[in-house]
>>> print(open('query-v1.txt').read())   # compact mmCIF, C-alpha atoms (C1' of nucleotides)
# COMPACT_ATOMS: atom_id res chain seq x y z
CA MET A 150 -17.25 -2.77 -16.49
CA ASP A 151 -18.20 -2.14 -12.90
CA ASP A 152 -21.50 -3.92 -12.60
CA THR A 153 -20.59 -5.13 -9.14
CA ARG A 154 -23.42 -4.80 -6.68
CA TRP A 155 -21.67 -3.16 -3.75
CA LEU A 156 -22.96 -3.34 -0.23
CA SER A 157 -25.06 -0.63 1.34
CA ALA A 158 -23.52 1.27 4.23
CA ALA A 159 -25.74 -0.60 6.65
CA ASP A 160 -24.78 -3.94 5.17
CA GLN A 161 -21.13 -2.98 5.34
CA ASP A 162 -21.54 -2.33 9.04
CA VAL A 163 -23.17 -5.68 9.58
CA TRP A 164 -20.51 -7.42 7.58
CA ARG A 165 -17.70 -5.71 9.42
CA THR A 166 -19.16 -6.56 12.79
CA PHE A 167 -19.90 -10.09 11.72
CA VAL A 168 -16.44 -10.71 10.37
CA THR A 169 -14.79 -9.23 13.42
CA MET A 170 -16.95 -11.37 15.66
CA LEU A 171 -16.10 -14.40 13.60
CA GLY A 172 -12.41 -13.88 14.05
CA ALA A 173 -12.61 -12.93 17.70
CA LEU A 174 -14.84 -15.84 18.63
CA GLY A 175 -12.69 -18.36 16.83
CA GLU A 176 -9.61 -17.06 18.52
CA HIS A 177 -11.37 -16.95 21.86
CA MET A 178 -12.43 -20.59 21.68
CA ASP A 179 -9.06 -21.68 20.42
CA ARG A 180 -7.19 -19.87 23.14
CA GLN A 181 -9.33 -21.25 25.91
CA LEU A 182 -8.81 -24.81 24.79
CA GLN A 183 -5.14 -24.32 24.13
CA ARG A 184 -4.64 -22.72 27.51
CA ASP A 185 -6.71 -25.11 29.61
CA SER A 186 -6.26 -28.35 27.72
CA SER A 187 -3.32 -27.88 25.37
CA MET A 188 -5.22 -28.72 22.27
CA PRO A 189 -6.44 -26.65 19.36
CA TYR A 190 -10.13 -26.43 18.70
CA THR A 191 -9.98 -28.62 15.62
CA TYR A 192 -8.42 -31.44 17.57
CA TYR A 193 -11.02 -31.15 20.27
CA GLU A 194 -13.70 -31.60 17.65
CA ILE A 195 -12.00 -34.67 16.28
CA LEU A 196 -11.99 -36.20 19.73
CA VAL A 197 -15.64 -35.31 20.22
CA VAL A 198 -16.71 -36.95 17.00
CA LEU A 199 -14.66 -40.04 17.78
CA SER A 200 -16.07 -40.29 21.28
CA HIS A 201 -19.60 -40.48 19.93
CA ALA A 202 -18.80 -43.09 17.30
CA PRO A 203 -19.44 -46.78 17.88
CA CYS A 204 -16.38 -48.37 19.48
CA ARG A 205 -14.96 -44.87 19.62
CA SER A 206 -13.51 -45.49 16.20
CA LEU A 207 -14.05 -44.28 12.66
CA ARG A 208 -12.57 -44.68 9.25
CA MET A 209 -10.37 -41.75 8.35
CA SER A 210 -12.64 -40.75 5.48
CA GLU A 211 -15.77 -40.77 7.57
CA LEU A 212 -14.04 -38.75 10.22
CA ALA A 213 -12.88 -36.26 7.63
CA GLY A 214 -16.37 -36.06 6.18
CA LEU A 215 -18.03 -35.56 9.53
CA ARG A 216 -15.63 -32.82 10.46
CA GLY A 217 -15.63 -31.19 7.05
CA SER A 218 -11.89 -31.51 6.91
CA SER A 219 -9.61 -32.50 4.07
CA ARG A 220 -8.01 -35.92 4.08
CA SER A 221 -4.59 -34.44 4.28
CA ARG A 222 -5.44 -32.22 7.18
CA LEU A 223 -6.96 -35.08 9.09
CA SER A 224 -4.00 -37.31 8.38
CA HIS A 225 -1.63 -34.71 9.83
CA ALA A 226 -3.92 -34.10 12.77
CA VAL A 227 -4.30 -37.76 13.63
CA ALA A 228 -0.57 -38.19 13.36
CA ARG A 229 -0.16 -35.57 16.04
CA LEU A 230 -2.98 -36.89 18.17
CA GLU A 231 -1.37 -40.30 17.93
CA ALA A 232 1.95 -38.88 19.06
CA GLN A 233 0.15 -37.51 22.10
CA GLY A 234 -1.33 -40.89 22.83
CA TRP A 235 -4.93 -39.74 22.41
CA VAL A 236 -5.71 -41.67 19.25
CA GLU A 237 -4.47 -44.88 17.69
CA ARG A 238 -4.40 -45.97 14.08
CA ARG A 239 -5.44 -49.50 13.24
CA GLU A 240 -5.76 -51.04 9.86
CA CYS A 241 -9.21 -51.55 8.52
CA PRO A 242 -10.25 -55.22 8.39
CA THR A 243 -12.54 -54.90 5.38
CA ASP A 244 -10.44 -52.66 3.17
CA LYS A 245 -6.71 -53.02 3.31
CA ARG A 246 -6.14 -49.50 2.01
CA GLY A 247 -7.99 -47.94 4.89
CA SER A 248 -7.12 -46.92 8.39
CA VAL A 249 -9.33 -46.64 11.41
CA ALA A 250 -8.75 -44.02 14.06
CA VAL A 251 -9.54 -45.15 17.59
CA LEU A 252 -9.89 -42.92 20.61
CA THR A 253 -7.69 -44.23 23.42
CA ASP A 254 -8.61 -44.13 27.09
CA ALA A 255 -6.13 -41.32 27.57
CA GLY A 256 -7.83 -39.48 24.73
CA PHE A 257 -11.22 -39.96 26.29
CA ALA A 258 -9.92 -38.73 29.61
CA ALA A 259 -8.40 -35.66 27.99
CA LEU A 260 -11.70 -34.94 26.31
CA ALA A 261 -13.67 -35.41 29.52
CA ALA A 262 -11.31 -32.99 31.23
CA ALA A 263 -11.60 -30.42 28.48
CA ALA A 264 -15.34 -30.51 27.90
CA PRO A 265 -16.67 -28.58 30.93
CA GLY A 266 -14.38 -25.63 30.37
CA HIS A 267 -15.22 -25.57 26.71
CA VAL A 268 -18.96 -25.71 27.22
CA THR A 269 -18.76 -23.02 29.85
CA THR A 270 -16.86 -20.81 27.45
CA VAL A 271 -19.41 -21.37 24.71
CA ARG A 272 -22.21 -20.56 27.08
CA GLU A 273 -20.62 -17.40 28.41
CA ALA A 274 -19.50 -16.17 25.02
CA VAL A 275 -22.65 -16.93 23.08
CA PHE A 276 -25.78 -18.33 24.68
CA ASP A 277 -25.77 -16.26 27.83
CA ARG A 278 -25.46 -13.12 25.77
CA LEU A 279 -28.38 -13.75 23.43
CA THR A 280 -32.13 -13.80 23.93
CA PRO A 281 -33.91 -17.05 23.09
CA GLU A 282 -35.24 -15.44 19.92
CA GLN A 283 -31.75 -14.45 18.91
CA VAL A 284 -30.53 -17.99 19.45
CA THR A 285 -33.28 -19.29 17.21
CA ALA A 286 -32.49 -16.64 14.64
CA LEU A 287 -28.82 -17.50 14.77
CA GLY A 288 -29.62 -21.12 14.03
CA ALA A 289 -31.74 -20.18 11.04
CA ILE A 290 -29.20 -17.71 9.73
CA SER A 291 -26.34 -20.17 10.08
CA ALA A 292 -28.31 -22.85 8.31
CA ALA A 293 -29.20 -20.49 5.46
CA ILE A 294 -25.61 -19.41 4.93
CA LEU A 295 -24.28 -22.92 5.28
CA ASP A 296 -26.82 -24.17 2.82
CA GLY A 297 -25.54 -21.73 0.24
CA ILE A 298 -21.95 -22.81 0.65
CA ASP A 299 -22.15 -26.49 1.31
CA PRO A 300 -25.63 -28.00 1.14
CA ASP A 301 -24.36 -31.41 2.24
CA LYS A 302 -23.52 -30.36 5.74
CA THR A 303 -26.73 -28.56 6.43
CA LEU A 304 -29.38 -30.90 7.66
CA PRO A 305 -28.15 -33.84 9.71
CA GLY A 306 -29.78 -33.10 13.03
CA CYS A 307 -27.67 -35.37 15.13
CA ARG A 308 -26.17 -34.23 18.38
CA GLU A 309 -22.55 -34.90 17.86
CA LEU A 310 -20.88 -31.83 19.18
CA ARG A 311 -21.07 -30.33 22.58
CA MET B 88 -17.94 -31.63 40.98
CA ASP B 89 -19.97 -31.46 37.80
CA ASP B 90 -21.81 -28.20 38.17
CA THR B 91 -21.27 -27.42 34.53
CA ARG B 92 -24.34 -26.03 32.85
CA TRP B 93 -24.53 -28.13 29.72
CA LEU B 94 -26.33 -27.04 26.62
CA SER B 95 -29.88 -28.08 25.79
CA ALA B 96 -30.34 -30.30 22.76
CA ALA B 97 -31.73 -27.35 20.81
CA ASP B 98 -28.80 -25.17 21.78
CA GLN B 99 -26.41 -27.91 20.78
CA ASP B 100 -28.00 -27.98 17.36
CA VAL B 101 -27.64 -24.24 16.99
CA TRP B 102 -24.06 -24.36 18.14
CA ARG B 103 -23.17 -27.16 15.80
CA THR B 104 -24.72 -25.43 12.82
CA PHE B 105 -23.17 -22.14 13.79
CA VAL B 106 -19.70 -23.58 14.20
CA THR B 107 -19.91 -25.48 10.95
CA MET B 108 -21.06 -22.36 9.18
CA LEU B 109 -18.22 -20.43 10.75
CA GLY B 110 -15.64 -22.82 9.41
CA ALA B 111 -17.23 -23.22 6.00
CA LEU B 112 -17.71 -19.51 5.46
CA GLY B 113 -14.16 -18.67 6.47
CA GLU B 114 -12.81 -21.31 4.17
CA HIS B 115 -15.12 -20.18 1.39
CA MET B 116 -13.96 -16.57 1.56
CA ASP B 117 -10.36 -17.56 1.87
CA ARG B 118 -10.49 -19.88 -1.09
CA GLN B 119 -12.16 -17.35 -3.33
CA LEU B 120 -9.54 -14.71 -2.63
CA GLN B 121 -6.68 -17.14 -2.88
CA ARG B 122 -7.97 -18.49 -6.17
CA ASP B 123 -8.88 -15.20 -7.83
CA SER B 124 -6.32 -12.86 -6.34
CA SER B 125 -3.61 -15.01 -4.78
CA MET B 126 -3.94 -13.53 -1.35
CA PRO B 127 -5.32 -14.85 1.88
CA TYR B 128 -8.25 -13.12 3.46
CA THR B 129 -6.21 -11.62 6.26
CA TYR B 130 -3.91 -9.92 3.81
CA TYR B 131 -6.83 -8.54 1.87
CA GLU B 132 -8.10 -6.96 5.04
CA ILE B 133 -4.74 -5.40 5.74
CA LEU B 134 -4.75 -3.83 2.31
CA VAL B 135 -8.31 -2.58 2.81
CA VAL B 136 -7.48 -0.90 6.09
CA LEU B 137 -4.36 0.66 4.63
CA SER B 138 -6.23 1.92 1.59
CA HIS B 139 -8.63 3.86 3.80
CA ALA B 140 -5.94 5.39 5.96
CA PRO B 141 -4.62 8.90 5.34
CA CYS B 142 -1.70 8.76 2.91
CA ARG B 143 -2.48 5.05 2.63
CA SER B 144 -0.13 4.51 5.52
CA LEU B 145 -0.32 3.46 9.15
CA ARG B 146 1.95 2.73 12.05
CA MET B 147 2.38 -1.00 12.54
CA SER B 148 0.72 -0.87 15.93
CA GLU B 149 -2.31 1.00 14.72
CA LEU B 150 -2.67 -1.40 11.85
CA ALA B 151 -2.42 -4.34 14.21
CA GLY B 152 -4.99 -2.76 16.50
CA LEU B 153 -7.43 -2.00 13.71
CA ARG B 154 -7.20 -5.51 12.37
CA GLY B 155 -7.23 -7.17 15.78
CA SER B 156 -4.01 -8.92 14.95
CA SER B 157 -0.93 -9.53 17.05
CA ARG B 158 2.18 -7.49 16.41
CA SER B 159 4.10 -10.55 15.44
CA ARG B 160 1.51 -11.73 12.98
CA LEU B 161 1.33 -8.35 11.37
CA SER B 162 5.08 -8.13 11.14
CA HIS B 163 5.26 -11.43 9.31
CA ALA B 164 2.33 -10.49 7.11
CA VAL B 165 3.77 -7.13 6.14
CA ALA B 166 7.08 -8.79 5.41
CA ARG B 167 5.34 -10.99 2.90
CA LEU B 168 3.26 -8.18 1.47
CA GLU B 169 6.45 -6.19 1.08
CA ALA B 170 8.09 -9.06 -0.77
CA GLN B 171 5.12 -9.02 -3.16
CA GLY B 172 5.56 -5.30 -3.70
CA TRP B 173 2.16 -4.39 -2.29
CA VAL B 174 3.35 -2.62 0.83
CA GLU B 175 6.44 -0.70 1.82
CA ARG B 176 7.98 -0.15 5.20
CA ARG B 177 9.24 3.33 6.06
CA GLU B 178 10.70 4.47 9.31
CA CYS B 179 8.53 6.63 11.50
CA PRO B 180 9.71 10.25 11.69
CA THR B 181 8.50 10.95 15.24
CA ASP B 182 9.52 7.72 16.94
CA LYS B 183 12.69 6.03 15.82
CA ARG B 184 11.56 2.64 17.08
CA GLY B 185 8.50 2.63 14.91
CA SER B 186 7.75 1.62 11.35
CA VAL B 187 5.07 2.82 9.01
CA ALA B 188 3.46 0.54 6.48
CA VAL B 189 2.53 2.21 3.19
CA LEU B 190 0.31 0.77 0.51
CA THR B 191 2.08 0.95 -2.86
CA ASP B 192 0.38 1.66 -6.17
CA ALA B 193 0.76 -1.98 -7.06
CA GLY B 194 -0.90 -2.87 -3.78
CA PHE B 195 -3.77 -0.53 -4.46
CA ALA B 196 -4.18 -1.98 -7.91
CA ALA B 197 -4.19 -5.51 -6.54
CA LEU B 198 -6.83 -4.50 -4.04
CA ALA B 199 -8.96 -2.81 -6.68
CA ALA B 200 -8.76 -5.95 -8.76
CA ALA B 201 -9.69 -8.19 -5.87
CA ALA B 202 -12.55 -6.16 -4.40
CA PRO B 203 -15.36 -6.85 -6.86
CA GLY B 204 -14.96 -10.60 -6.69
CA HIS B 205 -14.78 -10.50 -2.95
CA VAL B 206 -17.87 -8.34 -2.53
CA THR B 207 -19.78 -10.51 -4.93
CA THR B 208 -18.84 -13.58 -2.94
CA VAL B 209 -19.94 -11.93 0.30
CA ARG B 210 -23.21 -10.95 -1.24
CA GLU B 211 -23.92 -14.35 -2.69
CA ALA B 212 -22.87 -16.25 0.39
CA VAL B 213 -24.53 -14.07 2.99
CA PHE B 214 -26.69 -11.11 2.12
CA ASP B 215 -28.56 -12.60 -0.79
CA ARG B 216 -29.50 -15.58 1.33
CA LEU B 217 -30.94 -13.67 4.27
CA THR B 218 -34.06 -11.60 4.71
CA PRO B 219 -33.58 -7.95 5.71
CA GLU B 220 -34.74 -8.83 9.22
CA GLN B 221 -32.19 -11.60 9.42
CA VAL B 222 -29.46 -9.22 8.35
CA THR B 223 -30.43 -6.82 11.09
CA ALA B 224 -30.59 -9.66 13.58
CA LEU B 225 -27.18 -10.89 12.49
CA GLY B 226 -25.72 -7.48 13.14
CA ALA B 227 -27.19 -7.35 16.62
CA ILE B 228 -26.14 -10.89 17.46
CA SER B 229 -22.61 -10.31 16.23
CA ALA B 230 -22.32 -7.13 18.23
CA ALA B 231 -23.60 -8.85 21.36
CA ILE B 232 -21.15 -11.72 21.09
CA LEU B 233 -18.29 -9.46 20.16
CA ASP B 234 -19.05 -7.22 23.07
CA GLY B 235 -18.69 -10.14 25.43
CA ILE B 236 -15.31 -11.13 24.07
CA ASP B 237 -13.66 -7.88 23.23
CA PRO B 238 -15.62 -4.75 24.13
CA ASP B 239 -13.01 -2.50 22.49
CA LYS B 240 -13.77 -3.60 18.98
CA THR B 241 -17.50 -3.32 19.24
CA LEU B 242 -18.73 0.15 18.50
CA PRO B 243 -16.64 2.10 16.02
CA GLY B 244 -19.16 2.58 13.26
CA CYS B 245 -16.75 3.56 10.56
CA ARG B 246 -16.91 1.94 7.16
CA GLU B 247 -13.50 0.50 6.81
CA LEU B 248 -14.18 -2.89 5.33
CA ARG B 249 -15.89 -3.74 2.16
C1' DC C 83 22.71 12.18 33.94
C1' DT C 84 21.83 7.34 34.88
C1' DC C 85 19.45 3.53 35.47
C1' DA C 86 15.21 0.96 35.55
C1' DT C 87 11.22 0.02 33.22
C1' DG C 88 8.10 0.13 29.39
C1' DT C 89 7.01 0.04 24.47
C1' DG C 90 7.33 -0.71 19.11
C1' DG C 91 8.73 -3.92 16.37
C1' DT C 92 11.28 -8.02 14.66
C1' DT C 93 12.94 -12.76 14.69
C1' DG C 94 13.04 -17.90 14.83
C1' DA C 95 11.18 -22.10 16.21
C1' DA C 96 7.09 -24.91 16.65
C1' DC C 97 2.76 -25.89 15.02
C1' DA C 98 -1.46 -26.11 11.83
C1' DC C 99 -3.28 -26.12 7.19
C1' DT C 100 -3.09 -26.44 1.98
C1' DC C 101 -1.73 -28.20 -2.22
C1' DA C 102 0.10 -31.38 -5.29
C1' DA C 103 2.32 -35.62 -5.79
C1' DC C 104 2.35 -40.12 -4.68
C1' DC C 105 1.52 -45.29 -3.31
C1' DG C 106 -1.04 -49.37 -2.72
C1' DG C 107 -5.27 -51.67 -2.85
C1' DA C 108 -10.16 -51.91 -4.82
C1' DA C 109 -13.40 -51.90 -8.63
C1' DC C 110 -14.54 -52.31 -13.13
C1' DC C 111 -14.17 -53.77 -17.48
C1' DT C 112 -13.77 -57.21 -21.75
C1' DA D 216 -6.68 -63.01 -16.10
C1' DG D 217 -4.78 -58.38 -17.19
C1' DG D 218 -5.20 -53.63 -17.59
C1' DT D 219 -7.14 -49.17 -16.57
C1' DT D 220 -9.13 -46.28 -13.51
C1' DC D 221 -10.66 -44.85 -9.09
C1' DC D 222 -10.22 -44.29 -4.23
C1' DG D 223 -8.20 -44.17 0.74
C1' DG D 224 -4.63 -42.42 2.82
C1' DT D 225 0.06 -40.49 3.48
C1' DT D 226 3.92 -37.42 2.58
C1' DG D 227 6.63 -33.16 1.95
C1' DA D 228 7.10 -28.57 0.71
C1' DG D 229 5.27 -24.00 1.19
C1' DT D 230 2.49 -20.68 3.76
C1' DG D 231 0.37 -18.49 7.85
C1' DT D 232 0.01 -18.11 12.96
C1' DT D 233 1.64 -18.27 17.67
C1' DC D 234 4.77 -17.94 21.37
C1' DA D 235 8.72 -16.48 23.64
C1' DA D 236 12.90 -14.14 23.26
C1' DC D 237 15.02 -10.25 21.83
C1' DC D 238 16.77 -5.38 20.25
C1' DA D 239 16.41 -0.57 20.03
C1' DC D 240 14.50 3.37 21.46
C1' DA D 241 11.42 6.12 24.77
C1' DT D 242 10.14 7.47 29.33
C1' DG D 243 10.16 8.29 34.14
C1' DA D 244 12.38 8.33 38.91
C1' DG D 245 16.06 9.37 41.62
>>> encode(input="query-v1.txt", output="structure tokens")
Amino acid sequence: MDDTRWLSAADQDVWRTFVTMLGALGEHMDRQLQRDSSMPYTYYEILVVLSHAPCRSLRMSELAGLRGSSRSRLSHAVARLEAQGWVERRECPTDKRGSVAVLTDAGFAALAAAAPGHVTTVREAVFDRLTPEQVTALGAISAAILDGIDPDKTLPGCRELR
Amino acid sequence: MDDTRWLSAADQDVWRTFVTMLGALGEHMDRQLQRDSSMPYTYYEILVVLSHAPCRSLRMSELAGLRGSSRSRLSHAVARLEAQGWVERRECPTDKRGSVAVLTDAGFAALAAAAPGHVTTVREAVFDRLTPEQVTALGAISAAILDGIDPDKTLPGCRELR
DNA sequence: CTCATGTGGTTGAACACTCAACCGGAACCT
DNA sequence: AGGTTCCGGTTGAGTGTTCAACCACATGAG
């Protein structure tokens, strides 16, 4: 019955380290943003994507797709961002079912204020600690794993996130 | 004022892919466990750590430390695990403030049932998709990043997680 | 011994995410 | 047209996490 292919001891070590790093890094990023800019990481990313969109606005679905988030999650998130005055909802002119999320000036300002600290954190936590070869390797590894899980999100080489 | 060292376009690409992978992989693992074994990933890890501890039991603090979790979070988690009959709380004999979490037989059984599926998912999502060199590189990269964030958790080479 | 301080652990409120259910408008049929 | 089906988006309940406050016990100084 047990035809499971278990991991070698070495692989277990890698996995353990990897998973721990995953958790610690996520928490690290989240904390920094929450502390310095009072927003969770996910919300920051929403603002980033919006800020790069034409007219700083996007249909909810597109936004959800770009951020790999569920509709429901995005709806809740935008509701909160709207309450904070960083995003507005407008109705879509071409499809009366749809909504369009628009980044407000206050939202853009909040993003501009948050970005330097965030980038600095990313740099200190990741890029400054790796050799150029490791950075390249990390990109390839991430792409390979991502490709196995969700091939859709793999390729688009646009520069949307900071 | 803007002396921020921004990321190069190439680094941005790596970061974007990495972050996307991070989110997708976490969600992937979580979904698999939730679907097949009705437990979130964090709870699975708690059970794993407990199962490797002497007498399948640990002080709450030690458990929190080993899993890199806050006391509060662990307390809530154990409360839920206790309600499911997978863990029991006993009072600590040497320190009357303390509690000890003990893995029950039912908890061990649940873990044993969940492990194969989980390991298979890990293998398929990560190890089967990487070359041996990439696996080694991933270990080194993870350790380097982790070391920058939380040097305590870096070295202990024990094989606690599957 | 007594009091201050520190520590292990819990609690409750606020917040984020998931899931399933739902509503209204679009698209597609004949 | 009229009906079915699909799709965009929201809602509410349930779950997990965080944060700050808190209790009970331990510890150390006088």
>>> interface_residues(input="query-v1.txt", of="chain D", to="chain A", cutoff="9 Å", atoms="only C-alpha atoms (C1' of nucleotides)", output="ChimeraX atom specification")
/D:223-225
>>> interface_residues(input="query-v1.txt", of="chain C", to="chain A", cutoff="8 Å", atoms="only C-alpha atoms (C1' of nucleotides)", output="list in words")
DC99, DG106 and DG107 of chain C
>>> atom_distance(input="query-v1.txt", atom1="atom CA of Pro141 of chain B", atom2="atom CA of Val189 of chain B")
10.0 Å
>>> calpha_fit_and_write(input="query-v1.txt", fixed="chain A", moving="chain B", output="short mmCIF file (atom, residue, chain, number, x, y, z; two decimals) with C-alpha atoms, in the frame of the given file")
data_model
loop_
_atom_site.label_atom_id
_atom_site.label_comp_id
_atom_site.auth_asym_id
_atom_site.auth_seq_id
_atom_site.Cartn_x
_atom_site.Cartn_y
_atom_site.Cartn_z
CA MET B 88 -17.29 -3.08 -16.59
CA ASP B 89 -18.23 -2.35 -13.00
CA ASP B 90 -21.56 -4.08 -12.66
CA THR B 91 -20.64 -5.27 -9.21
CA ARG B 92 -23.45 -4.90 -6.73
CA TRP B 93 -21.70 -3.25 -3.82
CA LEU B 94 -22.97 -3.41 -0.30
CA SER B 95 -25.07 -0.69 1.29
CA ALA B 96 -23.50 1.22 4.16
CA ALA B 97 -25.72 -0.65 6.62
CA ASP B 98 -24.77 -3.99 5.13
CA GLN B 99 -21.12 -3.04 5.30
CA ASP B 100 -21.52 -2.36 8.99
CA VAL B 101 -23.14 -5.72 9.55
CA TRP B 102 -20.48 -7.47 7.55
CA ARG B 103 -17.68 -5.76 9.37
CA THR B 104 -19.12 -6.58 12.77
CA PHE B 105 -19.88 -10.11 11.71
CA VAL B 106 -16.40 -10.74 10.35
CA THR B 107 -14.75 -9.26 13.39
CA MET B 108 -16.91 -11.38 15.63
CA LEU B 109 -16.05 -14.42 13.57
CA GLY B 110 -12.35 -13.90 14.04
CA ALA B 111 -12.58 -12.94 17.70
CA LEU B 112 -14.82 -15.83 18.62
CA GLY B 113 -12.66 -18.38 16.84
CA GLU B 114 -9.58 -17.05 18.53
CA HIS B 115 -11.37 -16.95 21.87
CA MET B 116 -12.41 -20.59 21.70
CA ASP B 117 -9.05 -21.68 20.45
CA ARG B 118 -7.18 -19.86 23.16
CA GLN B 119 -9.33 -21.24 25.93
CA LEU B 120 -8.81 -24.82 24.81
CA GLN B 121 -5.13 -24.34 24.17
CA ARG B 122 -4.63 -22.73 27.56
CA ASP B 123 -6.72 -25.12 29.64
CA SER B 124 -6.28 -28.36 27.76
CA SER B 125 -3.33 -27.91 25.42
CA MET B 126 -5.24 -28.74 22.30
CA PRO B 127 -6.44 -26.66 19.41
CA TYR B 128 -10.13 -26.43 18.74
CA THR B 129 -9.98 -28.60 15.65
CA TYR B 130 -8.43 -31.43 17.58
CA TYR B 131 -11.05 -31.15 20.28
CA GLU B 132 -13.71 -31.58 17.65
CA ILE B 133 -12.01 -34.65 16.27
CA LEU B 134 -12.01 -36.20 19.71
CA VAL B 135 -15.67 -35.30 20.20
CA VAL B 136 -16.72 -36.93 16.96
CA LEU B 137 -14.68 -40.02 17.72
CA SER B 138 -16.11 -40.28 21.22
CA HIS B 139 -19.64 -40.47 19.82
CA ALA B 140 -18.82 -43.05 17.19
CA PRO B 141 -19.49 -46.75 17.74
CA CYS B 142 -16.46 -48.37 19.36
CA ARG B 143 -15.02 -44.86 19.54
CA SER B 144 -13.55 -45.47 16.13
CA LEU B 145 -14.04 -44.23 12.58
CA ARG B 146 -12.54 -44.64 9.17
CA MET B 147 -10.31 -41.71 8.30
CA SER B 148 -12.56 -40.69 5.44
CA GLU B 149 -15.71 -40.71 7.50
CA LEU B 150 -14.00 -38.70 10.17
CA ALA B 151 -12.80 -36.20 7.60
CA GLY B 152 -16.29 -35.99 6.14
CA LEU B 153 -17.97 -35.51 9.49
CA ARG B 154 -15.57 -32.78 10.46
CA GLY B 155 -15.55 -31.13 7.04
CA SER B 156 -11.81 -31.45 6.92
CA SER B 157 -9.52 -32.45 4.09
CA ARG B 158 -7.94 -35.88 4.10
CA SER B 159 -4.51 -34.41 4.33
CA ARG B 160 -5.36 -32.19 7.25
CA LEU B 161 -6.92 -35.05 9.12
CA SER B 162 -3.96 -37.27 8.44
CA HIS B 163 -1.59 -34.72 9.91
CA ALA B 164 -3.91 -34.08 12.82
CA VAL B 165 -4.31 -37.75 13.67
CA ALA B 166 -0.57 -38.18 13.43
CA ARG B 167 -0.17 -35.57 16.11
CA LEU B 168 -3.00 -36.91 18.22
CA GLU B 169 -1.40 -40.33 17.97
CA ALA B 170 1.92 -38.93 19.14
CA GLN B 171 0.09 -37.53 22.18
CA GLY B 172 -1.42 -40.92 22.88
CA TRP B 173 -5.00 -39.76 22.42
CA VAL B 174 -5.76 -41.67 19.25
CA GLU B 175 -4.54 -44.88 17.69
CA ARG B 176 -4.43 -45.94 14.09
CA ARG B 177 -5.50 -49.48 13.22
CA GLU B 178 -5.74 -51.00 9.81
CA CYS B 179 -9.19 -51.50 8.39
CA PRO B 180 -10.23 -55.16 8.20
CA THR B 181 -12.46 -54.85 5.12
CA ASP B 182 -10.32 -52.57 2.98
CA LYS B 183 -6.58 -52.93 3.15
CA ARG B 184 -5.98 -49.39 1.95
CA GLY B 185 -7.91 -47.89 4.79
CA SER B 186 -7.09 -46.88 8.34
CA VAL B 187 -9.32 -46.61 11.35
CA ALA B 188 -8.77 -44.00 14.01
CA VAL B 189 -9.60 -45.13 17.55
CA LEU B 190 -9.95 -42.91 20.57
CA THR B 191 -7.79 -44.24 23.41
CA ASP B 192 -8.72 -44.15 27.08
CA ALA B 193 -6.24 -41.36 27.56
CA GLY B 194 -7.91 -39.50 24.73
CA PHE B 195 -11.31 -39.96 26.27
CA ALA B 196 -10.01 -38.76 29.59
CA ALA B 197 -8.46 -35.70 28.00
CA LEU B 198 -11.75 -34.95 26.31
CA ALA B 199 -13.73 -35.41 29.51
CA ALA B 200 -11.36 -33.02 31.23
CA ALA B 201 -11.63 -30.44 28.49
CA ALA B 202 -15.39 -30.51 27.93
CA PRO B 203 -16.67 -28.58 30.94
CA GLY B 204 -14.38 -25.64 30.39
CA HIS B 205 -15.21 -25.56 26.73
CA VAL B 206 -18.97 -25.68 27.25
CA THR B 207 -18.75 -23.00 29.87
CA THR B 208 -16.84 -20.79 27.48
CA VAL B 209 -19.41 -21.36 24.75
CA ARG B 210 -22.19 -20.53 27.11
CA GLU B 211 -20.58 -17.39 28.42
CA ALA B 212 -19.48 -16.15 25.04
CA VAL B 213 -22.63 -16.90 23.10
CA PHE B 214 -25.75 -18.29 24.70
CA ASP B 215 -25.74 -16.23 27.86
CA ARG B 216 -25.42 -13.08 25.81
CA LEU B 217 -28.33 -13.70 23.47
CA THR B 218 -32.07 -13.73 23.97
CA PRO B 219 -33.89 -16.99 23.17
CA GLU B 220 -35.22 -15.38 19.99
CA GLN B 221 -31.73 -14.41 18.96
CA VAL B 222 -30.54 -17.96 19.51
CA THR B 223 -33.29 -19.26 17.28
CA ALA B 224 -32.51 -16.62 14.70
CA LEU B 225 -28.83 -17.50 14.82
CA GLY B 226 -29.64 -21.10 14.10
CA ALA B 227 -31.76 -20.18 11.11
CA ILE B 228 -29.22 -17.71 9.76
CA SER B 229 -26.38 -20.18 10.13
CA ALA B 230 -28.35 -22.87 8.37
CA ALA B 231 -29.23 -20.53 5.53
CA ILE B 232 -25.65 -19.45 4.97
CA LEU B 233 -24.32 -22.95 5.34
CA ASP B 234 -26.86 -24.23 2.89
CA GLY B 235 -25.59 -21.80 0.29
CA ILE B 236 -21.99 -22.88 0.70
CA ASP B 237 -22.20 -26.56 1.36
CA PRO B 238 -25.68 -28.07 1.22
CA ASP B 239 -24.38 -31.48 2.34
CA LYS B 240 -23.53 -30.39 5.83
CA THR B 241 -26.76 -28.60 6.51
CA LEU B 242 -29.43 -30.90 7.80
CA PRO B 243 -28.18 -33.84 9.84
CA GLY B 244 -29.78 -33.07 13.16
CA CYS B 245 -27.70 -35.38 15.25
CA ARG B 246 -26.11 -34.17 18.45
CA GLU B 247 -22.50 -34.82 17.84
CA LEU B 248 -20.87 -31.70 19.18
CA ARG B 249 -21.00 -30.29 22.59
#
>>> atom_distance(input="query-v1.txt", atom1="atom CA of Thr208 of chain B", atom2="atom CA of His115 of chain B")
8.7 Å
>>> residues_around(input="query-v1.txt", residues="DG88 of chain C", least_positions_apart="3", cutoff="10 Å", atoms="only C-alpha atoms (C1' of nucleotides)", output="JSON, numbers by chain")
{"D": [241, 242, 243]}
